[in-house]
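Visitor: Enclosed is the structure file structure.cif (mmCIF, C-alpha atoms and all ligand atoms).
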data_target
#
loop_
_atom_site.label_atom_id
_atom_site.label_comp_id
_atom_site.auth_asym_id
_atom_site.auth_seq_id
_atom_site.Cartn_x
_atom_site.Cartn_y
_atom_site.Cartn_z
CA MET Y 469 22.71 -33.52 44.75
CA PRO Y 470 21.14 -30.14 43.64
CA CYS Y 471 19.25 -28.53 46.59
CA ILE Y 472 17.44 -25.33 47.59
CA LEU Y 473 18.42 -24.12 51.06
CA THR Y 474 15.88 -22.06 53.02
CA ALA Y 475 17.18 -20.51 56.27
CA THR Y 476 14.62 -19.17 58.81
CA PRO Y 477 15.76 -17.31 61.96
CA PHE Y 478 14.41 -18.78 65.23
CA ARG Y 479 13.99 -16.13 67.99
CA GLU Y 480 12.96 -15.95 71.62
CA LEU Y 481 9.83 -13.98 72.57
CA GLY Y 482 12.05 -10.98 73.30
CA GLY Y 483 13.40 -11.18 69.75
CA GLU Y 484 16.84 -12.57 70.59
CA LEU Y 485 18.16 -14.94 67.94
CA ILE Y 486 18.62 -18.42 69.31
CA GLY Y 487 19.10 -20.41 66.17
CA ILE Y 488 18.43 -20.87 62.46
CA ILE Y 489 16.17 -23.50 60.95
CA GLU Y 490 17.68 -24.80 57.77
CA ASP Y 491 15.64 -26.65 55.24
CA TYR Y 492 17.29 -28.47 52.33
CA LYS Y 493 14.96 -29.36 49.50
CA ASN Y 494 16.13 -31.87 46.94
CA ILE Y 495 15.43 -30.25 43.55
CA SER Y 496 16.94 -32.93 41.40
CA LYS Y 497 13.41 -33.84 40.17
CA ARG Y 498 12.66 -30.22 39.35
CA ARG Y 499 15.98 -29.82 37.55
CA TRP Y 500 15.35 -33.03 35.65
CA ALA Y 501 11.92 -31.76 34.53
CA GLN Y 502 13.43 -28.39 33.54
CA ASP Y 503 16.16 -30.11 31.52
CA ARG Y 504 13.58 -32.21 29.73
CA LEU Y 505 11.51 -29.11 28.98
CA ASN Y 506 14.57 -27.28 27.61
CA ALA Y 507 15.44 -30.29 25.44
CA ALA Y 508 11.84 -30.47 24.12
CA VAL Y 509 11.86 -26.75 23.26
CA ALA Y 510 15.22 -27.10 21.47
CA GLU Y 511 13.90 -30.10 19.52
CA LEU Y 512 10.74 -28.19 18.53
CA GLU Y 513 12.80 -25.23 17.36
CA ARG Y 514 15.02 -27.54 15.33
CA SER Y 515 12.13 -29.39 13.67
CA ASN Y 516 10.37 -26.08 13.01
CA ALA Y 517 13.46 -24.68 11.28
CA GLU Y 518 13.78 -27.94 9.30
CA LEU Y 519 10.15 -27.71 8.16
CA GLN Y 520 10.64 -24.06 7.14
CA GLN Y 521 13.72 -25.05 5.18
CA PHE Y 522 11.86 -27.95 3.57
CA ALA Y 523 8.95 -25.72 2.53
CA TYR Y 524 11.37 -23.22 1.05
CA VAL Y 525 13.51 -25.73 -0.85
CA ALA Y 526 10.52 -27.74 -2.08
CA SER Y 527 8.65 -24.72 -3.38
CA HIS Y 528 11.78 -23.14 -4.84
CA ASP Y 529 12.84 -26.33 -6.67
CA LEU Y 530 9.33 -27.02 -7.93
CA GLN Y 531 9.25 -23.69 -9.76
CA GLU Y 532 11.48 -24.92 -12.60
CA PRO Y 533 9.57 -28.12 -13.53
CA ALA Y 534 6.25 -26.21 -13.35
CA ARG Y 535 7.65 -23.57 -15.72
CA LYS Y 536 8.84 -26.31 -18.11
CA ILE Y 537 5.43 -28.02 -18.25
CA GLN Y 538 3.92 -24.65 -19.10
CA ALA Y 539 6.58 -23.78 -21.69
CA PHE Y 540 6.51 -27.16 -23.51
CA GLY Y 541 2.70 -27.07 -23.45
CA ASP Y 542 2.89 -23.68 -25.18
CA ARG Y 543 5.28 -25.08 -27.83
CA LEU Y 544 3.12 -28.13 -28.41
CA LYS Y 545 0.11 -25.90 -28.96
CA ALA Y 546 1.92 -23.45 -31.22
CA LYS Y 547 3.61 -26.04 -33.46
CA TYR Y 548 1.38 -29.10 -33.44
CA SER Y 549 -2.18 -27.89 -32.85
CA GLU Y 550 -3.06 -28.84 -36.46
CA VAL Y 551 -2.10 -32.47 -35.95
CA ILE Y 552 -3.73 -32.85 -32.54
CA ASP Y 553 -7.47 -33.56 -32.52
CA GLU Y 554 -10.03 -31.64 -30.46
CA ARG Y 555 -9.86 -34.06 -27.58
CA GLY Y 556 -6.07 -33.81 -27.48
CA LEU Y 557 -6.26 -30.00 -27.46
CA ASP Y 558 -8.71 -30.17 -24.57
CA TYR Y 559 -6.26 -32.36 -22.62
CA LEU Y 560 -3.50 -29.89 -23.44
CA ASP Y 561 -5.62 -26.97 -22.17
CA ARG Y 562 -6.40 -28.80 -18.95
CA MET Y 563 -2.76 -29.70 -18.46
CA GLN Y 564 -1.74 -26.07 -18.91
CA ASN Y 565 -4.44 -24.80 -16.55
CA ALA Y 566 -3.23 -27.26 -13.92
CA ALA Y 567 0.39 -26.20 -14.50
CA SER Y 568 -0.45 -22.52 -14.12
CA ARG Y 569 -2.42 -23.24 -10.93
CA MET Y 570 0.59 -25.16 -9.68
CA GLN Y 571 2.79 -22.14 -10.40
CA VAL Y 572 0.46 -19.86 -8.41
CA LEU Y 573 0.45 -22.38 -5.57
CA ILE Y 574 4.25 -22.69 -5.54
CA ASN Y 575 4.66 -18.91 -5.60
CA ASN Y 576 2.23 -18.54 -2.69
CA LEU Y 577 4.05 -21.21 -0.69
CA LEU Y 578 7.35 -19.47 -1.40
CA THR Y 579 5.89 -16.16 -0.21
CA LEU Y 580 4.68 -17.92 2.94
CA SER Y 581 8.07 -19.47 3.72
CA ARG Y 582 9.93 -16.22 2.92
CA ILE Y 583 8.03 -14.25 5.58
CA THR Y 584 10.60 -15.29 8.16
CA SER Y 585 13.50 -16.51 5.98
CA LYS Y 586 13.68 -13.33 3.85
CA ALA Y 587 12.46 -10.88 6.48
CA LYS Y 588 13.44 -7.21 6.08
CA PRO Y 589 14.03 -4.75 8.94
CA PHE Y 590 11.15 -2.74 10.37
CA VAL Y 591 11.03 0.89 9.20
CA PRO Y 592 8.32 3.58 9.51
CA VAL Y 593 5.59 2.68 7.01
CA ASN Y 594 2.67 4.91 6.12
CA LEU Y 595 -0.24 2.48 5.78
CA SER Y 596 -2.26 4.91 3.63
CA ASP Y 597 0.57 4.82 1.05
CA VAL Y 598 0.58 1.02 1.20
CA VAL Y 599 -3.17 0.79 0.59
CA ARG Y 600 -2.95 3.29 -2.30
CA THR Y 601 -0.25 1.13 -3.97
CA VAL Y 602 -2.28 -2.03 -3.48
CA VAL Y 603 -5.43 -0.39 -4.91
CA SER Y 604 -3.45 0.77 -7.92
CA ASP Y 605 -2.06 -2.79 -8.41
CA LEU Y 606 -5.62 -4.16 -8.23
CA GLU Y 607 -7.06 -1.48 -10.51
CA LEU Y 608 -7.81 -3.78 -13.44
CA HIS Y 609 -9.45 -6.30 -11.14
CA ILE Y 610 -11.54 -3.57 -9.48
CA GLU Y 611 -12.68 -2.29 -12.87
CA LYS Y 612 -13.60 -5.79 -14.03
CA THR Y 613 -15.84 -6.40 -11.02
CA GLY Y 614 -17.33 -2.87 -11.15
CA GLY Y 615 -16.33 -2.61 -7.51
CA ASP Y 616 -14.78 0.07 -5.38
CA VAL Y 617 -12.22 0.37 -2.57
CA GLU Y 618 -12.82 3.22 -0.11
CA MET Y 619 -10.14 4.31 2.29
CA LEU Y 620 -9.78 6.63 5.28
CA PRO Y 621 -6.38 8.05 6.32
CA MET Y 622 -4.30 5.55 8.26
CA PRO Y 623 -1.35 5.86 10.67
CA THR Y 624 2.37 5.29 10.15
CA ILE Y 625 3.79 2.29 12.02
CA ASP Y 626 7.11 0.42 12.34
CA ALA Y 627 6.80 -2.47 9.90
CA ASP Y 628 8.26 -4.41 6.98
CA PRO Y 629 6.93 -2.46 3.94
CA THR Y 630 6.88 -5.43 1.55
CA GLN Y 631 4.95 -7.53 4.05
CA MET Y 632 2.45 -4.71 4.70
CA ARG Y 633 1.77 -4.65 0.96
CA GLN Y 634 1.28 -8.44 0.92
CA LEU Y 635 -1.07 -8.19 3.92
CA PHE Y 636 -3.34 -5.56 2.34
CA GLN Y 637 -3.12 -7.15 -1.10
CA ASN Y 638 -4.56 -10.38 0.32
CA LEU Y 639 -7.21 -8.78 2.53
CA ILE Y 640 -8.46 -6.30 -0.09
CA GLY Y 641 -8.13 -8.95 -2.82
CA ASN Y 642 -10.35 -11.31 -0.80
CA GLY Y 643 -12.87 -8.52 -0.16
CA LEU Y 644 -13.17 -7.94 -3.90
CA LYS Y 645 -13.18 -11.64 -4.80
CA PHE Y 646 -15.78 -13.05 -2.39
CA HIS Y 647 -18.61 -10.80 -3.56
CA LEU Y 648 -22.27 -11.77 -3.73
CA PRO Y 649 -23.35 -13.16 -7.12
CA GLY Y 650 -24.40 -10.20 -9.25
CA GLY Y 651 -23.37 -7.74 -6.53
CA LYS Y 652 -20.68 -5.07 -6.79
CA PRO Y 653 -17.94 -5.41 -4.21
CA VAL Y 654 -17.27 -2.41 -1.98
CA VAL Y 655 -14.24 -2.74 0.30
CA LYS Y 656 -13.64 -0.17 3.06
CA VAL Y 657 -10.22 0.14 4.66
CA TYR Y 658 -9.75 2.24 7.77
CA GLY Y 659 -7.58 2.32 10.88
CA GLN Y 660 -7.05 4.02 14.20
CA VAL Y 661 -4.45 4.10 16.94
CA LEU Y 662 -5.63 2.62 20.26
CA ASN Y 663 -3.06 3.07 23.03
CA GLU Y 664 0.16 1.71 21.51
CA ALA Y 665 -1.55 -0.39 18.87
CA CYS Y 666 -2.85 0.33 15.41
CA GLN Y 667 -6.19 -1.28 14.62
CA VAL Y 668 -6.92 -1.77 10.92
CA MET Y 669 -10.26 -2.88 9.51
CA VAL Y 670 -10.87 -4.28 6.03
CA GLU Y 671 -14.63 -4.49 5.55
CA ASP Y 672 -16.55 -5.88 2.59
CA ASN Y 673 -20.16 -6.40 1.52
CA GLY Y 674 -19.62 -9.90 0.14
CA ILE Y 675 -20.75 -13.46 0.82
CA GLY Y 676 -19.29 -13.59 4.34
CA PHE Y 677 -18.81 -16.86 6.24
CA ASP Y 678 -19.89 -18.64 9.40
CA GLU Y 679 -17.69 -17.50 12.31
CA LYS Y 680 -17.43 -21.07 13.57
CA TYR Y 681 -14.85 -21.57 10.78
CA LEU Y 682 -12.80 -18.58 11.90
CA ASP Y 683 -9.75 -20.61 13.03
CA ARG Y 684 -9.75 -22.62 9.84
CA ILE Y 685 -9.43 -19.76 7.37
CA PHE Y 686 -6.02 -18.64 8.68
CA THR Y 687 -4.59 -22.16 8.14
CA VAL Y 688 -2.79 -22.92 4.90
CA PHE Y 689 -4.90 -24.64 2.16
CA GLN Y 690 -8.15 -24.21 4.11
CA ARG Y 691 -10.96 -22.76 1.98
CA LEU Y 692 -14.61 -22.43 2.86
CA HIS Y 693 -15.81 -21.89 -0.69
CA GLY Y 694 -15.32 -24.21 -3.69
CA ARG Y 695 -12.74 -23.50 -6.38
CA GLY Y 696 -15.51 -23.70 -8.98
CA GLU Y 697 -17.19 -20.66 -7.40
CA TYR Y 698 -14.17 -18.60 -6.34
CA ASP Y 699 -10.63 -19.11 -7.57
CA GLY Y 700 -7.76 -19.40 -5.09
CA THR Y 701 -5.21 -21.64 -3.39
CA GLY Y 702 -6.11 -21.05 0.27
CA VAL Y 703 -2.73 -19.56 1.17
CA GLY Y 704 -3.54 -15.82 1.33
CA LEU Y 705 -4.85 -15.62 4.90
CA ALA Y 706 -2.09 -17.96 6.17
CA ILE Y 707 0.38 -15.40 4.72
CA CYS Y 708 -1.52 -12.58 6.49
CA HIS Y 709 -1.48 -14.50 9.78
CA LYS Y 710 2.26 -15.16 9.60
CA ILE Y 711 3.05 -11.54 8.67
CA VAL Y 712 0.96 -10.17 11.54
CA GLU Y 713 2.53 -12.66 13.95
CA ARG Y 714 6.04 -11.61 12.90
CA HIS Y 715 5.05 -8.00 13.61
CA GLY Y 716 3.87 -8.93 17.13
CA GLY Y 717 0.21 -8.32 16.28
CA SER Y 718 -3.00 -10.31 15.79
CA ILE Y 719 -5.63 -10.89 13.11
CA THR Y 720 -9.24 -11.96 13.38
CA ALA Y 721 -12.53 -11.42 11.55
CA LYS Y 722 -16.23 -10.83 12.12
CA SER Y 723 -18.77 -12.10 9.66
CA THR Y 724 -22.29 -13.35 9.02
CA PRO Y 725 -23.02 -15.47 5.94
CA GLY Y 726 -24.43 -13.27 3.18
CA LYS Y 727 -23.71 -10.08 5.09
CA GLY Y 728 -20.06 -9.33 4.38
CA ALA Y 729 -16.92 -9.79 6.45
CA THR Y 730 -14.66 -7.45 8.42
CA PHE Y 731 -11.05 -8.44 9.01
CA VAL Y 732 -9.51 -6.78 12.08
CA VAL Y 733 -5.72 -6.48 12.32
CA MET Y 734 -3.88 -5.19 15.40
CA LEU Y 735 -0.28 -4.10 14.93
CA PRO Y 736 2.10 -2.38 17.38
CA VAL Y 737 2.77 1.24 16.35
CA LYS Y 738 6.37 1.17 17.59
CA HIS Y 739 8.56 -1.88 17.38
CA PRO Y 740 11.56 -2.45 19.68
CA SER Y 741 13.49 -4.17 16.89
CA ARG Y 742 13.06 -1.28 14.43
CA GLY Y 743 16.02 -1.24 12.04
CA GLU Y 744 16.86 -4.88 12.81
CA VAL Y 745 15.44 -8.01 11.26
CA ALA Y 746 12.83 -9.38 13.68
CA ASP Y 747 12.03 -13.07 13.59
CA GLY Y 748 8.43 -14.17 14.07
N1 LIG P 801 -13.62 -11.50 2.64
C1 LIG P 801 -14.02 -12.76 2.71
N2 LIG P 801 -15.35 -13.07 2.66
C2 LIG P 801 -15.76 -14.36 2.73
N3 LIG P 801 -14.95 -15.42 2.88
C3 LIG P 801 -13.64 -15.18 2.94
C4 LIG P 801 -13.11 -13.85 2.87
N4 LIG P 801 -11.76 -13.93 2.97
C5 LIG P 801 -11.48 -15.24 3.08
N5 LIG P 801 -12.59 -15.99 3.06
C6 LIG P 801 -12.68 -17.48 3.18
O1 LIG P 801 -11.45 -17.95 3.74
C7 LIG P 801 -10.80 -18.85 2.83
C8 LIG P 801 -9.29 -18.68 2.95
O2 LIG P 801 -8.89 -17.41 2.42
P1 LIG P 801 -7.50 -17.27 1.69
O3 LIG P 801 -7.30 -15.86 1.30
O4 LIG P 801 -6.46 -17.93 2.54
O5 LIG P 801 -7.65 -18.21 0.41
P2 LIG P 801 -8.20 -17.92 -1.06
O6 LIG P 801 -8.52 -16.46 -1.24
O7 LIG P 801 -9.28 -18.88 -1.30
O8 LIG P 801 -6.96 -18.30 -1.96
P3 LIG P 801 -5.64 -17.40 -2.19
O9 LIG P 801 -5.64 -16.30 -1.21
O10 LIG P 801 -4.51 -18.34 -1.99
O11 LIG P 801 -5.76 -16.95 -3.61
C9 LIG P 801 -11.35 -18.48 1.46
O12 LIG P 801 -11.26 -19.56 0.56
C10 LIG P 801 -12.80 -18.14 1.81
O13 LIG P 801 -13.55 -19.31 1.92
MG MG P 802 -7.11 -14.96 -0.67
#
Kindly transcribe the structure held in the file into C-alpha cells.

Guide:
Amino acid sequence: MPCILTATPFRELGGELIGIIEDYKNISKRRWAQDRLNAAVAELERSNAELQQFAYVASHDLQEPARKIQAFGDRLKAKYSEVIDERGLDYLDRMQNAASRMQVLINNLLTLSRITSKAKPFVPVNLSDVVRTVVSDLELHIEKTGGDVEMLPMPTIDADPTQMRQLFQNLIGNGLKFHLPGGKPVVKVYGQVLNEACQVMVEDNGIGFDEKYLDRIFTVFQRLHGRGEYDGTGVGLAICHKIVERHGGSITAKSTPGKGATFVVMLPVKHPSRGEVADG
C-alpha cells in the first residue's frame, strides 16, 4: 500500500529524546487521483494532436478539388460562354466566387494549422523591418482605400519571422479593412519594451466593436460584421492568437463601437528556446 511516513521527535521538557511519533498516511487515493489526472492529460494531448492533424490533412487535401472547380469554371467560361444563357453565366459566376472563397478559407485554415506543425526556430527579429515589409505588401490595398499606415520605431525580439509577418499582416489588414463608411483608414503601429516584454499596439480609426465580444473575435470563424459589409473568413485573429500563444505572449484589444480599435500584443523580448523550434 503506498504511504507517506511522517516522523516527529518526542522529547522531555529538558529536551532529551524519548521517542518518535510515526504517522503513516495511506496515499493510495491520492495516487489514484494523480494517475487519473495524468491519464486525462495524456488523452487530451493525444486528441489535440489528432485534431491538429485532421485540420492539416483536411485543409491540405481540399486544396486540389477547390482548384479544379475554379479551373474547370474558367474553361467553361472561356469556351462555352456563347452557348450558355445569361442565367447560366450568373450561376457560373456565383460558383466561381464560392470556389475562390473556399480557396481563401482553406489557405487560412492551413496557415492556422501550420503555426505549430511547421514552426520555425526563434531568431532575433526587428519588428520595424517586419512592419515595413507588411506595409509594402499591402501598398495596393492602402492606395485603394486612400488610407495610411504610420509607424514608430519598434524593438528587436526573439521570434519566428514568418509568423511575425503573418501577425502584423492580419492586424494591419483588419485596421485598414474595418474602416468607417466613407472614412479613410489610418492605422498606427508602435511598440515599447516594458521590463522583459515588448508591448505592440496596432491602432485604427475604424468602426470598432463592443468589447463584450472580445473573447469571440479570437476564435476561428467568429465575425462580428456581416460578409456583405466587410469581406473575410474570420480566421485572421485566430491565427494571431495562436502565433502569440506559441511565442509565450498575449493578445487583447480595446475598442468602442464607431471609435476605432487598438489591438495590444505582449511578446517576450528574449526567448529561452531561441534557435530551437518551440511548440505552442
Ligand atoms: N480592427 C478592427 N475593427 C473592428 N472590428 C474588428 C477589427 N479587427 C477584427 N474585428 C472584428 O473581429 C472579427 C474577426 O476578425 P478576423 O481578422 O479573425 O476575421 P476577418 O477579418 O473577418 O476575416 P479574415 O481575417 O479571415 O480575412 C472581424 O470579422 C470583425 O468583426
Ligand atoms: Mg482579418

Visitor: Find the residue from Y:Ile625, Y:Leu580, Y:Gly743, Y:Ser568 that sits nearest to Pro592 of chain Y; use all atoms listed in the file when measuring.

Guide: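 Nearest to Pro592 of chain Y: Y:Ile625.
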
Visitor: May I ask which of the residues Y:Leu635, Y:Ala627, Y:Ala567, Y:Val654 is the closest one to Pro736 of chain Y, counting only C-alpha atoms?

Guide: Y:Ala627

Visitor: Counting only C-alpha atoms, what is within 10 Å of segment 559-565 of chain Y, bar same-chain residues fewer than 5 positions away, as a PyMOL selection string?

Guide: chain Y and resi 534+537-542+544-545+549+552+554+570-571

Visitor: Could you list, as a ChimeraX atom specification, all residues that come within 7 Å of ligand LIG 801 (chain P)? Count all atoms listed in the file.

Guide: /Y:576,638-639,642-643,646,672,674-677,685-686,688-693,699-706,728-729

Visitor: Determine the nearest neighbour of Ile711 of chain Y from the options Y:Met734, Y:Val591, Y:Cys666, Y:Val655, counting all atoms listed in the file.

Guide: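 The answer is Y:Met734, which sits nearest to Ile711 of chain Y.
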
Visitor: May I ask for the distance between atom CA of Thr579 of chain Y and atom CA of Arg543 of chain Y, given in Å to one decimal place?

Guide: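 Atom CA of Arg543 of chain Y lies at a distance of 29.0 Å from atom CA of Thr579 of chain Y.
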
Visitor: Applying 12 Å and all atoms listed in the file, which residues near Asp628 of chain Y remain after dropping the ones on its own chain fewer than 2 positions away? List them as a PyMOL selection string.

Guide: chain Y and resi 583-584+586-595+598+624-626+630-635+711-712+714-716+735+739+741-747

Visitor: Could you write those residues out with C-alpha atoms, as a PDB file, in the frame of the given file?

Guide:
ATOM      1  CA  ILE Y 583       8.030 -14.250   5.580  1.00  0.00           C
ATOM      2  CA  THR Y 584      10.600 -15.290   8.160  1.00  0.00           C
ATOM      3  CA  LYS Y 586      13.680 -13.330   3.850  1.00  0.00           C
ATOM      4  CA  ALA Y 587      12.460 -10.880   6.480  1.00  0.00           C
ATOM      5  CA  LYS Y 588      13.440  -7.210   6.080  1.00  0.00           C
ATOM      6  CA  PRO Y 589      14.030  -4.750   8.940  1.00  0.00           C
ATOM      7  CA  PHE Y 590      11.150  -2.740  10.370  1.00  0.00           C
ATOM      8  CA  VAL Y 591      11.030   0.890   9.200  1.00  0.00           C
ATOM      9  CA  PRO Y 592       8.320   3.580   9.510  1.00  0.00           C
ATOM     10  CA  VAL Y 593       5.590   2.680   7.010  1.00  0.00           C
ATOM     11  CA  ASN Y 594       2.670   4.910   6.120  1.00  0.00           C
ATOM     12  CA  LEU Y 595      -0.240   2.480   5.780  1.00  0.00           C
ATOM     13  CA  VAL Y 598       0.580   1.020   1.200  1.00  0.00           C
ATOM     14  CA  THR Y 624       2.370   5.290  10.150  1.00  0.00           C
ATOM     15  CA  ILE Y 625       3.790   2.290  12.020  1.00  0.00           C
ATOM     16  CA  ASP Y 626       7.110   0.420  12.340  1.00  0.00           C
ATOM     17  CA  THR Y 630       6.880  -5.430   1.550  1.00  0.00           C
ATOM     18  CA  GLN Y 631       4.950  -7.530   4.050  1.00  0.00           C
ATOM     19  CA  MET Y 632       2.450  -4.710   4.700  1.00  0.00           C
ATOM     20  CA  ARG Y 633       1.770  -4.650   0.960  1.00  0.00           C
ATOM     21  CA  GLN Y 634       1.280  -8.440   0.920  1.00  0.00           C
ATOM     22  CA  LEU Y 635      -1.070  -8.190   3.920  1.00  0.00           C
ATOM     23  CA  ILE Y 711       3.050 -11.540   8.670  1.00  0.00           C
ATOM     24  CA  VAL Y 712       0.960 -10.170  11.540  1.00  0.00           C
ATOM     25  CA  ARG Y 714       6.040 -11.610  12.900  1.00  0.00           C
ATOM     26  CA  HIS Y 715       5.050  -8.000  13.610  1.00  0.00           C
ATOM     27  CA  GLY Y 716       3.870  -8.930  17.130  1.00  0.00           C
ATOM     28  CA  LEU Y 735      -0.280  -4.100  14.930  1.00  0.00           C
ATOM     29  CA  HIS Y 739       8.560  -1.880  17.380  1.00  0.00           C
ATOM     30  CA  SER Y 741      13.490  -4.170  16.890  1.00  0.00           C
ATOM     31  CA  ARG Y 742      13.060  -1.280  14.430  1.00  0.00           C
ATOM     32  CA  GLY Y 743      16.020  -1.240  12.040  1.00  0.00           C
ATOM     33  CA  GLU Y 744      16.860  -4.880  12.810  1.00  0.00           C
ATOM     34  CA  VAL Y 745      15.440  -8.010  11.260  1.00  0.00           C
ATOM     35  CA  ALA Y 746      12.830  -9.380  13.680  1.00  0.00           C
ATOM     36  CA  ASP Y 747      12.030 -13.070  13.590  1.00  0.00           C
TER      37      ASP Y 747
END
